[in-house]
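Asker: Below is the file final24.pdb, with PDB, C-alpha atoms.
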```
ATOM      1  CA  MET S   1     -26.387  30.977 -38.773  1.00  0.00           C
ATOM      2  CA  LYS S   2     -28.409  29.240 -36.051  1.00  0.00           C
ATOM      3  CA  ASN S   3     -27.415  25.818 -34.842  1.00  0.00           C
ATOM      4  CA  ILE S   4     -30.249  23.507 -35.956  1.00  0.00           C
ATOM      5  CA  GLU S   5     -29.934  21.346 -32.830  1.00  0.00           C
ATOM      6  CA  GLN S   6     -30.540  24.378 -30.602  1.00  0.00           C
ATOM      7  CA  SER S   7     -33.379  25.921 -32.619  1.00  0.00           C
ATOM      8  CA  ASN S   8     -35.754  22.911 -32.400  1.00  0.00           C
ATOM      9  CA  TRP S   9     -37.142  23.756 -35.841  1.00  0.00           C
ATOM     10  CA  TRP S  10     -39.225  20.560 -35.740  1.00  0.00           C
ATOM     11  CA  GLU S  11     -41.246  21.780 -32.742  1.00  0.00           C
ATOM     12  CA  HIS S  12     -44.378  23.918 -32.811  1.00  0.00           C
ATOM     13  CA  ASN S  13     -45.988  25.223 -29.625  1.00  0.00           C
ATOM     14  CA  HIS S  14     -49.107  27.374 -29.859  1.00  0.00           C
ATOM     15  CA  PHE S  15     -51.218  26.654 -26.778  1.00  0.00           C
ATOM     16  CA  ILE S  16     -54.397  28.705 -26.738  1.00  0.00           C
ATOM     17  CA  ASN S  17     -56.433  29.935 -23.763  1.00  0.00           C
ATOM     18  CA  GLY S  18     -57.433  27.095 -21.443  1.00  0.00           C
ATOM     19  CA  TYR S  19     -54.991  24.493 -22.791  1.00  0.00           C
ATOM     20  CA  GLY S  20     -51.707  23.151 -21.474  1.00  0.00           C
ATOM     21  CA  LYS S  21     -52.511  23.248 -17.755  1.00  0.00           C
ATOM     22  CA  PHE S  22     -53.050  20.272 -15.442  1.00  0.00           C
ATOM     23  CA  PRO S  23     -55.314  18.391 -15.172  1.00  0.00           C
ATOM     24  CA  TYR S  24     -56.325  17.449 -18.702  1.00  0.00           C
ATOM     25  CA  VAL S  25     -57.393  14.456 -20.744  1.00  0.00           C
ATOM     26  CA  ILE S  26     -55.591  13.167 -23.816  1.00  0.00           C
ATOM     27  CA  LEU S  27     -57.442  11.139 -26.443  1.00  0.00           C
ATOM     28  CA  LYS S  28     -55.519   9.251 -29.089  1.00  0.00           C
ATOM     29  CA  VAL S  29     -57.397  10.107 -32.279  1.00  0.00           C
ATOM     30  CA  GLY S  30     -54.952   8.864 -34.892  1.00  0.00           C
ATOM     31  CA  CYS S  31     -51.393   7.873 -35.608  1.00  0.00           C
ATOM     32  CA  ALA S  32     -49.331  10.390 -33.591  1.00  0.00           C
ATOM     33  CA  LEU S  33     -52.458  12.579 -33.283  1.00  0.00           C
ATOM     34  CA  TYR S  34     -53.658  13.500 -29.792  1.00  0.00           C
ATOM     35  CA  MET S  35     -56.597  15.620 -28.642  1.00  0.00           C
ATOM     36  CA  GLN S  36     -56.306  17.532 -25.383  1.00  0.00           C
ATOM     37  CA  ILE S  37     -59.429  18.183 -23.326  1.00  0.00           C
ATOM     38  CA  PRO S  38     -58.738  20.573 -20.435  1.00  0.00           C
ATOM     39  CA  ILE S  39     -60.496  19.979 -17.111  1.00  0.00           C
ATOM     40  CA  HIS S  40     -61.747  23.144 -15.390  1.00  0.00           C
ATOM     41  CA  PHE S  41     -63.360  23.559 -11.984  1.00  0.00           C
ATOM     42  CA  ASN S  42     -66.320  25.786 -11.033  1.00  0.00           C
ATOM     43  CA  LYS S  43     -66.437  27.729 -14.318  1.00  0.00           C
ATOM     44  CA  ASP S  44     -70.212  27.292 -14.718  1.00  0.00           C
ATOM     45  CA  GLY S  45     -70.217  26.513 -18.423  1.00  0.00           C
ATOM     46  CA  ASP S  46     -67.903  29.316 -19.600  1.00  0.00           C
ATOM     47  CA  PHE S  47     -66.576  27.305 -22.550  1.00  0.00           C
ATOM     48  CA  VAL S  48     -65.267  30.410 -24.335  1.00  0.00           C
ATOM     49  CA  ASN S  49     -62.646  31.196 -21.692  1.00  0.00           C
ATOM     50  CA  TYR S  50     -62.417  27.651 -20.317  1.00  0.00           C
ATOM     51  CA  PRO S  51     -62.777  25.149 -23.176  1.00  0.00           C
ATOM     52  CA  GLY S  52     -62.898  21.465 -22.368  1.00  0.00           C
ATOM     53  CA  THR S  53     -64.879  19.739 -19.662  1.00  0.00           C
ATOM     54  CA  HIS S  54     -66.129  21.256 -16.429  1.00  0.00           C
ATOM     55  CA  VAL S  55     -66.445  19.864 -12.912  1.00  0.00           C
ATOM     56  CA  ASN S  56     -68.621  22.146 -10.784  1.00  0.00           C
ATOM     57  CA  GLY S  57     -69.450  22.299  -7.103  1.00  0.00           C
ATOM     58  CA  ILE S  58     -65.862  21.890  -5.906  1.00  0.00           C
ATOM     59  CA  SER S  59     -64.960  23.746  -2.704  1.00  0.00           C
ATOM     60  CA  GLU S  60     -61.956  26.042  -2.486  1.00  0.00           C
ATOM     61  CA  ILE S  61     -60.584  23.773   0.248  1.00  0.00           C
ATOM     62  CA  ASP S  62     -60.787  20.748  -2.081  1.00  0.00           C
ATOM     63  CA  LEU S  63     -59.050  22.713  -4.865  1.00  0.00           C
ATOM     64  CA  SER S  64     -56.302  23.846  -2.509  1.00  0.00           C
ATOM     65  CA  THR S  65     -55.827  20.329  -1.134  1.00  0.00           C
ATOM     66  CA  TYR S  66     -55.699  18.906  -4.678  1.00  0.00           C
ATOM     67  CA  ASN S  67     -52.928  21.333  -5.639  1.00  0.00           C
ATOM     68  CA  HIS S  68     -50.760  19.779  -2.894  1.00  0.00           C
ATOM     69  CA  ASP S  69     -52.050  16.190  -2.812  1.00  0.00           C
ATOM     70  CA  LYS S  70     -53.197  14.549  -6.035  1.00  0.00           C
ATOM     71  CA  LEU S  71     -54.632  11.584  -4.104  1.00  0.00           C
ATOM     72  CA  CYS S  72     -57.229  13.618  -2.193  1.00  0.00           C
ATOM     73  CA  SER S  73     -61.003  13.263  -2.577  1.00  0.00           C
ATOM     74  CA  LEU S  74     -61.058  15.593  -5.613  1.00  0.00           C
ATOM     75  CA  HIS S  75     -58.853  13.119  -7.467  1.00  0.00           C
ATOM     76  CA  GLU S  76     -61.584  10.483  -7.083  1.00  0.00           C
ATOM     77  CA  LYS S  77     -64.175  12.938  -8.463  1.00  0.00           C
ATOM     78  CA  ILE S  78     -61.912  13.591 -11.457  1.00  0.00           C
ATOM     79  CA  ILE S  79     -61.507   9.835 -12.070  1.00  0.00           C
ATOM     80  CA  GLU S  80     -65.312   9.420 -11.954  1.00  0.00           C
ATOM     81  CA  HIS S  81     -65.745  12.363 -14.332  1.00  0.00           C
ATOM     82  CA  CYS S  82     -63.212  10.828 -16.732  1.00  0.00           C
ATOM     83  CA  GLN S  83     -65.036   7.492 -16.636  1.00  0.00           C
ATOM     84  CA  TRP S  84     -68.232   9.342 -17.512  1.00  0.00           C
ATOM     85  CA  MET S  85     -66.414  11.179 -20.342  1.00  0.00           C
ATOM     86  CA  LYS S  86     -64.997   7.931 -21.735  1.00  0.00           C
ATOM     87  CA  ASN S  87     -68.409   6.250 -21.707  1.00  0.00           C
ATOM     88  CA  LYS S  88     -70.045   9.267 -23.375  1.00  0.00           C
ATOM     89  CA  ILE S  89     -67.384   9.542 -26.090  1.00  0.00           C
ATOM     90  CA  GLU S  90     -67.530   5.797 -26.791  1.00  0.00           C
ATOM     91  CA  THR S  91     -71.330   5.917 -26.998  1.00  0.00           C
ATOM     92  CA  ASP S  92     -71.283   8.995 -29.264  1.00  0.00           C
ATOM     93  CA  ARG S  93     -68.617   7.524 -31.578  1.00  0.00           C
ATOM     94  CA  ASN S  94     -69.881   3.942 -31.326  1.00  0.00           C
ATOM     95  CA  ARG S  95     -66.365   2.597 -30.727  1.00  0.00           C
ATOM     96  CA  THR S  96     -63.872   2.115 -27.927  1.00  0.00           C
ATOM     97  CA  ILE S  97     -61.259   4.768 -27.250  1.00  0.00           C
ATOM     98  CA  LYS S  98     -57.918   5.105 -25.486  1.00  0.00           C
ATOM     99  CA  MET S  99     -57.825   7.949 -23.023  1.00  0.00           C
ATOM    100  CA  CYS S 100     -55.380   9.314 -20.459  1.00  0.00           C
ATOM    101  CA  LEU S 101     -55.970  11.609 -17.485  1.00  0.00           C
ATOM    102  CA  VAL S 102     -52.857  13.706 -16.888  1.00  0.00           C
ATOM    103  CA  GLU S 103     -52.583  15.345 -13.460  1.00  0.00           C
ATOM    104  CA  GLY S 104     -48.924  16.366 -13.510  1.00  0.00           C
ATOM    105  CA  PRO S 105     -45.600  15.983 -15.347  1.00  0.00           C
ATOM    106  CA  ASP S 106     -45.282  12.443 -13.990  1.00  0.00           C
ATOM    107  CA  ILE S 107     -48.846  11.547 -12.933  1.00  0.00           C
ATOM    108  CA  SER S 108     -51.181   9.867 -15.402  1.00  0.00           C
ATOM    109  CA  TYR S 109     -54.005   7.364 -15.498  1.00  0.00           C
ATOM    110  CA  TYR S 110     -54.604   5.374 -18.669  1.00  0.00           C
ATOM    111  CA  PHE S 111     -58.192   4.287 -19.355  1.00  0.00           C
ATOM    112  CA  GLU S 112     -58.470   1.283 -21.638  1.00  0.00           C
ATOM    113  CA  GLY S 113     -61.473  -0.990 -21.649  1.00  0.00           C
ATOM    114  CA  ASP S 114     -62.655  -1.285 -18.052  1.00  0.00           C
ATOM    115  CA  THR S 115     -59.210  -0.781 -16.532  1.00  0.00           C
ATOM    116  CA  ILE S 116     -57.473   2.303 -15.203  1.00  0.00           C
ATOM    117  CA  GLU S 117     -53.700   2.104 -14.815  1.00  0.00           C
ATOM    118  CA  PHE S 118     -51.447   4.607 -13.059  1.00  0.00           C
ATOM    119  CA  SER S 119     -48.220   5.597 -14.793  1.00  0.00           C
ATOM    120  CA  THR S 120     -45.409   8.085 -14.261  1.00  0.00           C
ATOM    121  CA  SER S 121     -45.107   8.372 -18.056  1.00  0.00           C
ATOM    122  CA  ILE S 122     -47.447  10.893 -19.689  1.00  0.00           C
ATOM    123  CA  PRO S 123     -48.295  11.304 -23.391  1.00  0.00           C
ATOM    124  CA  SER S 124     -46.107  13.762 -25.305  1.00  0.00           C
ATOM    125  CA  GLY S 125     -44.948  14.538 -28.809  1.00  0.00           C
ATOM    126  CA  GLY S 126     -46.872  13.911 -31.993  1.00  0.00           C
ATOM    127  CA  ASN S 127     -49.471  16.398 -33.135  1.00  0.00           C
ATOM    128  CA  LEU S 128     -51.589  17.892 -30.364  1.00  0.00           C
ATOM    129  CA  ILE S 129     -55.000  19.327 -31.248  1.00  0.00           C
ATOM    130  CA  THR S 130     -57.915  21.020 -29.515  1.00  0.00           C
ATOM    131  CA  GLN S 131     -61.465  19.700 -29.490  1.00  0.00           C
ATOM    132  CA  ASP S 132     -62.018  21.973 -32.509  1.00  0.00           C
ATOM    133  CA  TYR S 133     -59.149  20.211 -34.327  1.00  0.00           C
ATOM    134  CA  LYS S 134     -56.822  23.230 -34.166  1.00  0.00           C
ATOM    135  CA  VAL S 135     -53.142  22.321 -33.886  1.00  0.00           C
ATOM    136  CA  ILE S 136     -51.637  23.608 -30.638  1.00  0.00           C
ATOM    137  CA  GLY S 137     -48.467  21.561 -30.564  1.00  0.00           C
ATOM    138  CA  MET S 138     -46.200  19.468 -32.732  1.00  0.00           C
ATOM    139  CA  ASN S 139     -43.424  17.324 -31.250  1.00  0.00           C
ATOM    140  CA  VAL S 140     -43.622  19.069 -27.858  1.00  0.00           C
ATOM    141  CA  LYS S 141     -44.657  18.169 -24.338  1.00  0.00           C
ATOM    142  CA  HIS S 142     -48.409  18.569 -23.921  1.00  0.00           C
ATOM    143  CA  TYR S 143     -48.297  21.099 -21.087  1.00  0.00           C
ATOM    144  CA  LEU S 144     -46.904  24.548 -20.376  1.00  0.00           C
TER     145      LEU S 144
END
```
Could you write out this structure as structure tokens?
Answerer:
Amino acid sequence: MKNIEQSNWWEHNHFINGYGKFPYVILKVGCALYMQIPIHFNKDGDFVNYPGTHVNGISEIDLSTYNHDKLCSLHEKIIEHCQWMKNKIETDRNRTIKMCLVEGPDISYYFEGDTIEFSTSIPSGGNLITQDYKVIGMNVKHYL
């Protein structure tokens, strides 16, 4: 018989293509319900293989620099893109939202109202869903 503490029976992890990789956005959509929106670079609207939001026109040098230094110029472009996303979502839903940009296991930026706050604590746990409301995680960290 399996030891229940070791089996983590309460966890469910079923990340689909395009999800679970940094950077991504987390929206709080309900009590313990979080939506992940992946951020992809230079994928020219290929939402089938790269679901989420796209930032195009990024040089390979900027991508390489970003992989080693999250405070490079690409980071600022991502922050601007997230501000645009937040404004669009709030306009579309006609209400304010709570949103978090997650750039690494201990790098996050919480968007609330007009403020953006850095934190080393990232969202985790609860029920994690895609933009199509498919469950990809329950009680797990939100990245692979």
Asker: By how many Å are atom CA of Ile136 of chain S and atom CA of Glu103 of chain S apart?
Answerer: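 It comes out at 19.1 Å.
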Asker: Using all atoms listed in the file, which of the listed residues (S:Leu27, S:Leu71, S:Ile97, S:Cys82) sits closest to Glu112 of chain S?
Answerer: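 With all atoms listed in the file as the atom set, the closest residue is S:Ile97.
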Asker: Need to verify the contact set: Tyr66 of chain S, 12 Å, all atoms listed in the file, exclusion of same-chain residues closer than 2 positions in sequence. Can you return it as a list in words?
Answerer: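 These residues fall inside the cut-off: Phe22, Pro23, Phe41, Ile58, Ser59, Glu60, Ile61, Asp62, Leu63, Ser64, His68, Asp69, Lys70, Leu71, Cys72, Ser73, Leu74, His75, Glu76, Lys77, Ile78, Glu103 and Gly104 of chain S.
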Asker: Nearest to Cys100 of chain S: which of S:Ile122, S:Ile26, S:Ile116, S:Ile79 is it, counting only C-alpha atoms?
Answerer: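 Under the stated criterion, the closest residue is S:Ile26.
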Asker: Determine the residue set returned by the PyMOL selection byres ((chain S and resi 137) around 12) for the present structure, and present it as a ChimeraX atom specification.
Answerer: /S:10-16,19-20,32-36,124-130,133-136,138-144
Asker: Save the residues we just selected, C-alpha atoms, as a compact mmCIF listing (two decimals), in the coordinates of the input?
Answerer:
```txt
# COMPACT_ATOMS: atom_id res chain seq x y z
CA TRP S 10 -39.22 20.56 -35.74
CA GLU S 11 -41.25 21.78 -32.74
CA HIS S 12 -44.38 23.92 -32.81
CA ASN S 13 -45.99 25.22 -29.62
CA HIS S 14 -49.11 27.37 -29.86
CA PHE S 15 -51.22 26.65 -26.78
CA ILE S 16 -54.40 28.70 -26.74
CA TYR S 19 -54.99 24.49 -22.79
CA GLY S 20 -51.71 23.15 -21.47
CA ALA S 32 -49.33 10.39 -33.59
CA LEU S 33 -52.46 12.58 -33.28
CA TYR S 34 -53.66 13.50 -29.79
CA MET S 35 -56.60 15.62 -28.64
CA GLN S 36 -56.31 17.53 -25.38
CA SER S 124 -46.11 13.76 -25.30
CA GLY S 125 -44.95 14.54 -28.81
CA GLY S 126 -46.87 13.91 -31.99
CA ASN S 127 -49.47 16.40 -33.14
CA LEU S 128 -51.59 17.89 -30.36
CA ILE S 129 -55.00 19.33 -31.25
CA THR S 130 -57.92 21.02 -29.52
CA TYR S 133 -59.15 20.21 -34.33
CA LYS S 134 -56.82 23.23 -34.17
CA VAL S 135 -53.14 22.32 -33.89
CA ILE S 136 -51.64 23.61 -30.64
CA MET S 138 -46.20 19.47 -32.73
CA ASN S 139 -43.42 17.32 -31.25
CA VAL S 140 -43.62 19.07 -27.86
CA LYS S 141 -44.66 18.17 -24.34
CA HIS S 142 -48.41 18.57 -23.92
CA TYR S 143 -48.30 21.10 -21.09
CA LEU S 144 -46.90 24.55 -20.38
```
Asker: Counting only C-alpha atoms, which of S:Lys43, S:Gly52, S:Pro123, S:Glu80 gets nearest to Met99 of chain S?
Answerer: S:Pro123
Asker: Check which residues satisfy the PyMOL selection byres ((chain S and resi 51) around 12) in the file shown, then give them as a ChimeraX atom specification.
Answerer: /S:16-21,24,36-41,43-50,52-54,130-132
Asker: Would you save the residues from that selection as a compact mmCIF listing (two decimals), keeping the file's coordinate frame, using C-alpha atoms?
Answerer:
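Okay, part11.txt is ready:
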```txt
# COMPACT_ATOMS: atom_id res chain seq x y z
CA ILE S 16 -54.40 28.70 -26.74
CA ASN S 17 -56.43 29.94 -23.76
CA GLY S 18 -57.43 27.10 -21.44
CA TYR S 19 -54.99 24.49 -22.79
CA GLY S 20 -51.71 23.15 -21.47
CA LYS S 21 -52.51 23.25 -17.76
CA TYR S 24 -56.32 17.45 -18.70
CA GLN S 36 -56.31 17.53 -25.38
CA ILE S 37 -59.43 18.18 -23.33
CA PRO S 38 -58.74 20.57 -20.43
CA ILE S 39 -60.50 19.98 -17.11
CA HIS S 40 -61.75 23.14 -15.39
CA PHE S 41 -63.36 23.56 -11.98
CA LYS S 43 -66.44 27.73 -14.32
CA ASP S 44 -70.21 27.29 -14.72
CA GLY S 45 -70.22 26.51 -18.42
CA ASP S 46 -67.90 29.32 -19.60
CA PHE S 47 -66.58 27.30 -22.55
CA VAL S 48 -65.27 30.41 -24.34
CA ASN S 49 -62.65 31.20 -21.69
CA TYR S 50 -62.42 27.65 -20.32
CA GLY S 52 -62.90 21.46 -22.37
CA THR S 53 -64.88 19.74 -19.66
CA HIS S 54 -66.13 21.26 -16.43
CA THR S 130 -57.92 21.02 -29.52
CA GLN S 131 -61.46 19.70 -29.49
CA ASP S 132 -62.02 21.97 -32.51
```
Asker: Do you have the atom CA of Lys86 of chain S-atom CA of Val29 of chain S distance handy?
Answerer: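 For atom CA of Lys86 of chain S relative to atom CA of Val29 of chain S, the distance reads 13.2 Å.
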Asker: Rounded to one decimal, what separation in Å do you get between atom CA of Val102 of chain S and atom CA of Gly57 of chain S?
Answerer: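 Distance reported for this atom pair: 21.1 Å.
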Asker: Restricting the calculation to all atoms listed in the file: of S:Leu101, S:Thr65, S:Gly30, S:Asp106, which residue gets closest to His81 of chain S?
Answerer: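 Residue with the minimum atom-to-atom distance to His81 of chain S: S:Leu101.
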Asker: Between S:Gly113, S:Ser119, S:Asn42, S:Trp84, which is the closest to Lys98 of chain S once you count all atoms listed in the file?
Answerer: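 So, comparing all the options, the nearest one is S:Gly113.
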Asker: Smallest atom-to-atom distance to Met85 of chain S: which of S:Val25, S:Thr120, S:Thr115, S:Asn56, using all atoms listed in the file?
Answerer: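 Comparing S:Val25, S:Thr120, S:Thr115, S:Asn56 against Met85 of chain S, the winner is S:Val25.
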